[in-house]
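S.K.: my_file32.pdb is reproduced in full below (PDB, C-alpha atoms, pLDDT in the B column).
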ATOM      1  CA  MET A  12     -89.265  33.335  -6.048  1.00 75.00           C
ATOM      2  CA  VAL A  13     -86.373  32.287  -3.838  1.00 85.00           C
ATOM      3  CA  ARG A  14     -82.968  33.353  -5.086  1.00 80.00           C
ATOM      4  CA  LEU A  15     -80.126  30.963  -4.369  1.00 84.00           C
ATOM      5  CA  PRO A  16     -77.031  32.413  -2.697  1.00 90.00           C
ATOM      6  CA  LEU A  17     -74.201  33.298  -5.057  1.00 88.00           C
ATOM      7  CA  THR A  18     -71.289  30.917  -5.222  1.00 91.00           C
ATOM      8  CA  ALA A  19     -67.691  32.049  -5.076  1.00 92.00           C
ATOM      9  CA  ALA A  20     -67.508  31.364  -8.835  1.00 91.00           C
ATOM     10  CA  ASP A  21     -70.535  33.629  -9.444  1.00 91.00           C
ATOM     11  CA  ILE A  22     -68.921  36.431  -7.473  1.00 92.00           C
ATOM     12  CA  GLU A  23     -65.584  36.047  -9.266  1.00 93.00           C
ATOM     13  CA  ARG A  24     -67.321  35.998 -12.664  1.00 93.00           C
ATOM     14  CA  GLY A  25     -69.176  39.197 -11.717  1.00 94.00           C
ATOM     15  CA  GLN A  26     -65.899  40.857 -10.778  1.00 94.00           C
ATOM     16  CA  ARG A  27     -64.350  39.849 -14.118  1.00 95.00           C
ATOM     17  CA  LEU A  28     -67.388  41.238 -15.932  1.00 96.00           C
ATOM     18  CA  GLY A  29     -67.139  44.535 -14.071  1.00 96.00           C
ATOM     19  CA  ALA A  30     -63.434  44.860 -14.811  1.00 95.00           C
ATOM     20  CA  LEU A  31     -64.036  44.154 -18.507  1.00 96.00           C
ATOM     21  CA  LEU A  32     -66.742  46.809 -18.740  1.00 97.00           C
ATOM     22  CA  ARG A  33     -64.604  49.382 -16.908  1.00 96.00           C
ATOM     23  CA  ARG A  34     -61.681  48.747 -19.278  1.00 96.00           C
ATOM     24  CA  ALA A  35     -63.933  48.926 -22.340  1.00 97.00           C
ATOM     25  CA  ARG A  36     -65.558  52.155 -21.117  1.00 96.00           C
ATOM     26  CA  GLY A  37     -62.153  53.819 -20.827  1.00 96.00           C
ATOM     27  CA  ASP A  38     -62.494  57.593 -20.451  1.00 96.00           C
ATOM     28  CA  ARG A  39     -66.152  57.597 -21.427  1.00 96.00           C
ATOM     29  CA  SER A  40     -68.364  58.763 -18.573  1.00 97.00           C
ATOM     30  CA  MET A  41     -70.424  56.265 -16.638  1.00 97.00           C
ATOM     31  CA  LEU A  42     -73.497  58.494 -17.065  1.00 97.00           C
ATOM     32  CA  GLU A  43     -73.160  58.665 -20.853  1.00 97.00           C
ATOM     33  CA  THR A  44     -72.541  54.927 -21.148  1.00 98.00           C
ATOM     34  CA  ALA A  45     -75.478  54.016 -18.909  1.00 98.00           C
ATOM     35  CA  LEU A  46     -77.922  56.348 -20.638  1.00 97.00           C
ATOM     36  CA  ASP A  47     -76.845  55.150 -24.092  1.00 98.00           C
ATOM     37  CA  ALA A  48     -77.403  51.551 -22.940  1.00 98.00           C
ATOM     38  CA  GLY A  49     -80.786  52.357 -21.411  1.00 98.00           C
ATOM     39  CA  VAL A  50     -79.790  51.440 -17.859  1.00 98.00           C
ATOM     40  CA  SER A  51     -79.411  53.581 -14.794  1.00 97.00           C
ATOM     41  CA  PRO A  52     -75.946  54.857 -13.883  1.00 98.00           C
ATOM     42  CA  GLU A  53     -76.398  53.146 -10.505  1.00 97.00           C
ATOM     43  CA  THR A  54     -76.957  49.803 -12.226  1.00 97.00           C
ATOM     44  CA  LEU A  55     -73.815  50.245 -14.318  1.00 98.00           C
ATOM     45  CA  ARG A  56     -71.845  51.273 -11.233  1.00 97.00           C
ATOM     46  CA  LYS A  57     -72.995  48.182  -9.334  1.00 96.00           C
ATOM     47  CA  ILE A  58     -72.094  45.901 -12.246  1.00 97.00           C
ATOM     48  CA  GLU A  59     -68.670  47.512 -12.691  1.00 97.00           C
ATOM     49  CA  THR A  60     -67.870  47.184  -8.990  1.00 94.00           C
ATOM     50  CA  GLY A  61     -69.076  43.579  -8.826  1.00 91.00           C
ATOM     51  CA  ARG A  62     -71.974  44.348  -6.465  1.00 92.00           C
ATOM     52  CA  VAL A  63     -74.371  42.849  -9.026  1.00 92.00           C
ATOM     53  CA  ALA A  64     -72.601  39.622  -9.922  1.00 89.00           C
ATOM     54  CA  THR A  65     -75.357  38.170 -12.112  1.00 92.00           C
ATOM     55  CA  PRO A  66     -76.966  41.001 -14.093  1.00 95.00           C
ATOM     56  CA  ALA A  67     -79.744  40.267 -16.568  1.00 95.00           C
ATOM     57  CA  PHE A  68     -78.686  39.226 -20.060  1.00 96.00           C
ATOM     58  CA  PRO A  69     -80.445  42.160 -21.824  1.00 97.00           C
ATOM     59  CA  THR A  70     -78.615  44.575 -19.522  1.00 97.00           C
ATOM     60  CA  ILE A  71     -75.212  43.115 -20.378  1.00 97.00           C
ATOM     61  CA  ALA A  72     -76.080  42.930 -24.080  1.00 97.00           C
ATOM     62  CA  ALA A  73     -77.086  46.614 -24.100  1.00 98.00           C
ATOM     63  CA  ILE A  74     -73.959  47.774 -22.242  1.00 98.00           C
ATOM     64  CA  ALA A  75     -71.685  45.600 -24.375  1.00 98.00           C
ATOM     65  CA  GLY A  76     -73.280  46.981 -27.530  1.00 97.00           C
ATOM     66  CA  VAL A  77     -72.692  50.576 -26.445  1.00 98.00           C
ATOM     67  CA  LEU A  78     -69.070  49.773 -25.618  1.00 98.00           C
ATOM     68  CA  GLY A  79     -68.464  47.971 -28.909  1.00 97.00           C
ATOM     69  CA  LEU A  80     -67.978  44.574 -27.279  1.00 97.00           C
ATOM     70  CA  SER A  81     -69.402  41.454 -28.864  1.00 96.00           C
ATOM     71  CA  LEU A  82     -71.136  38.991 -26.582  1.00 96.00           C
ATOM     72  CA  ASP A  83     -68.488  36.456 -27.615  1.00 95.00           C
ATOM     73  CA  GLU A  84     -65.805  38.791 -26.233  1.00 94.00           C
ATOM     74  CA  VAL A  85     -67.742  39.221 -22.999  1.00 95.00           C
ATOM     75  CA  TRP A  86     -68.244  35.479 -22.592  1.00 94.00           C
ATOM     76  CA  SER A  87     -64.615  34.613 -23.342  1.00 93.00           C
ATOM     77  CA  GLU A  88     -63.527  37.074 -20.650  1.00 91.00           C
ATOM     78  CA  ILE A  89     -65.894  35.982 -17.904  1.00 90.00           C
ATOM     79  CA  ARG A  90     -66.417  32.255 -18.427  1.00 88.00           C
ATOM     80  CA  ASP A  91     -64.990  29.873 -15.927  1.00 75.00           C
ATOM     81  CA  VAL A  92     -61.726  28.241 -16.845  1.00 63.00           C
ATOM     82  CA  PRO A  93     -62.318  24.475 -16.856  1.00 55.00           C
ATOM     83  CA  SER A  94     -60.590  22.646 -14.051  1.00 49.00           C
ATOM     84  CA  ALA A  95     -59.087  19.173 -14.093  1.00 46.00           C
ATOM     85  CA  ILE A  96     -62.256  17.909 -12.400  1.00 44.00           C
ATOM     86  CA  ASP A  97     -64.337  19.267 -15.303  1.00 47.00           C
ATOM     87  CA  ASP A  98     -62.065  17.464 -17.760  1.00 49.00           C
ATOM     88  CA  VAL A  99     -62.640  14.162 -15.966  1.00 47.00           C
ATOM     89  CA  SER A 100     -66.397  14.699 -15.742  1.00 45.00           C
ATOM     90  CA  ARG A 101     -66.539  15.337 -19.513  1.00 49.00           C
ATOM     91  CA  ALA A 102     -64.578  12.216 -20.422  1.00 50.00           C
ATOM     92  CA  PRO A 103     -66.461   9.730 -22.605  1.00 54.00           C
ATOM     93  CA  LEU A 104     -68.455   7.149 -20.695  1.00 52.00           C
ATOM     94  CA  ARG A 105     -67.317   3.562 -20.946  1.00 54.00           C
ATOM     95  CA  SER A 106     -69.628   0.611 -21.332  1.00 51.00           C
ATOM     96  CA  PRO A 107     -69.031  -2.430 -19.126  1.00 54.00           C
ATOM     97  CA  ALA A 108     -67.094  -4.054 -21.960  1.00 59.00           C
ATOM     98  CA  GLY A 109     -64.652  -1.126 -21.950  1.00 54.00           C
ATOM     99  CA  SER A 110     -65.716   0.460 -25.253  1.00 52.00           C
ATOM    100  CA  ALA A 111     -66.862   4.059 -25.365  1.00 53.00           C
ATOM    101  CA  ALA A 112     -70.595   4.558 -24.950  1.00 51.00           C
ATOM    102  CA  ARG A 113     -72.481   6.553 -27.559  1.00 49.00           C
TER
END
Could you quickly redo this structure as structure tokens?

M.R.:
Amino acid sequence: MVRLPLTAADIERGQRLGALLRRARGDRSMLETALDAGVSPETLRKIETGRVATPAFPTIAAIAGVLGLSLDEVWSEIRDVPSAIDDVSRAPLRSPAGSAAR
């Protein structure tokens, strides 16, 4: 399987995820958190430092669960903020007569 290169947005999202997990972990040790989540401390370290920008969903779900974060909280923190271009691309389509398409 060929893995596509990460985009700048992927990298930034990974950094936001890492920062969120570090804040949520607080004074709790990385070793304790990782073992409770069933991941290696090295994996958690790489995620927290942004070196793994796109970790597997089960990994994030396990870490979030140990830290008391809901997946909704994680997503709201790391999702991309829509740009003006996204707003235009999501505008309703118009039919040739000028009425909105369904």

S.K.: Run through the PyMOL selection byres ((chain A and resi 75) around 10) on the given coordinates and return the selected residues as a tab-separated table (two decimals) with C-alpha atoms, in the coordinates of the input.

M.R.:
chain	number	residue	atom	x	y	z
A	31	LEU	CA	-64.04	44.15	-18.51
A	32	LEU	CA	-66.74	46.81	-18.74
A	35	ALA	CA	-63.93	48.93	-22.34
A	36	ARG	CA	-65.56	52.16	-21.12
A	44	THR	CA	-72.54	54.93	-21.15
A	48	ALA	CA	-77.40	51.55	-22.94
A	69	PRO	CA	-80.44	42.16	-21.82
A	70	THR	CA	-78.61	44.58	-19.52
A	71	ILE	CA	-75.21	43.12	-20.38
A	72	ALA	CA	-76.08	42.93	-24.08
A	73	ALA	CA	-77.09	46.61	-24.10
A	74	ILE	CA	-73.96	47.77	-22.24
A	76	GLY	CA	-73.28	46.98	-27.53
A	77	VAL	CA	-72.69	50.58	-26.44
A	78	LEU	CA	-69.07	49.77	-25.62
A	79	GLY	CA	-68.46	47.97	-28.91
A	80	LEU	CA	-67.98	44.57	-27.28
A	81	SER	CA	-69.40	41.45	-28.86
A	82	LEU	CA	-71.14	38.99	-26.58
A	84	GLU	CA	-65.81	38.79	-26.23
A	85	VAL	CA	-67.74	39.22	-23.00

S.K.: Go through A:Ala67, A:Ala45, A:Ile58, A:Val50 one by one, measure the shortest atom-to-atom distance of each to Ile22 of chain A using only C-alpha atoms, and give the residue with the smallest value.

M.R.: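 With only C-alpha atoms as the atom set, the closest residue is A:Ile58.
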
S.K.: Would you mind telling me which residue in A:Leu55, A:Met12, A:Ala19, A:Leu28 lies nearest to Ser40 of chain A when using all atoms listed in the file?

M.R.: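 The closest residue to Ser40 of chain A is A:Leu55.
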
S.K.: Go ahead and compute the interatomic distance for atom CA of Asp91 of chain A and atom CA of Met41 of chain A, in Å to one decimal.

M.R.: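 If I compute the distance from atom CA of Asp91 of chain A to atom CA of Met41 of chain A, I get 27.0 Å.
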
S.K.: Since I can't run it myself right now, could you work out what the PyMOL selection byres ((chain A and resi 90) around 10) selects here and report it as a ChimeraX atom specification?

M.R.: /A:20-21,23-24,27-28,85-89,91-93

S.K.: Counting all atoms listed in the file, which of A:Pro16, A:Glu43, A:Asp83, A:Ala30 gets nearest to Lys57 of chain A?

M.R.: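 Residue with the minimum atom-to-atom distance to Lys57 of chain A: A:Ala30.
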
S.K.: May I ask for the distance between atom CA of Arg33 of chain A and atom CA of Arg14 of chain A, given in Å to one decimal place?

M.R.: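 Atom CA of Arg14 of chain A lies 27.1 Å from atom CA of Arg33 of chain A.
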
S.K.: With 3 Å of padding per side, what axis-aligned box (centre and edge lengths, Å, one decimal) covers all the listed atoms of segment 71-82 of chain A? Give it as JSON.

M.R.:
{"center_x": -72.5, "center_y": 44.8, "center_z": -24.6, "size_x": 15.1, "size_y": 17.6, "size_z": 14.5}

S.K.: How far is it from atom CA of Gly61 of chain A to atom CA of Gly29 of chain A, in Å with one decimal?

M.R.: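 Atom-to-atom, atom CA of Gly61 of chain A and atom CA of Gly29 of chain A are spaced 5.7 Å apart.
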
S.K.: Could you tell me which of A:Gln26, A:Arg34, A:Leu42, A:Asp47 comes closest to Thr60 of chain A if we count all atoms listed in the file?

M.R.: A:Gln26
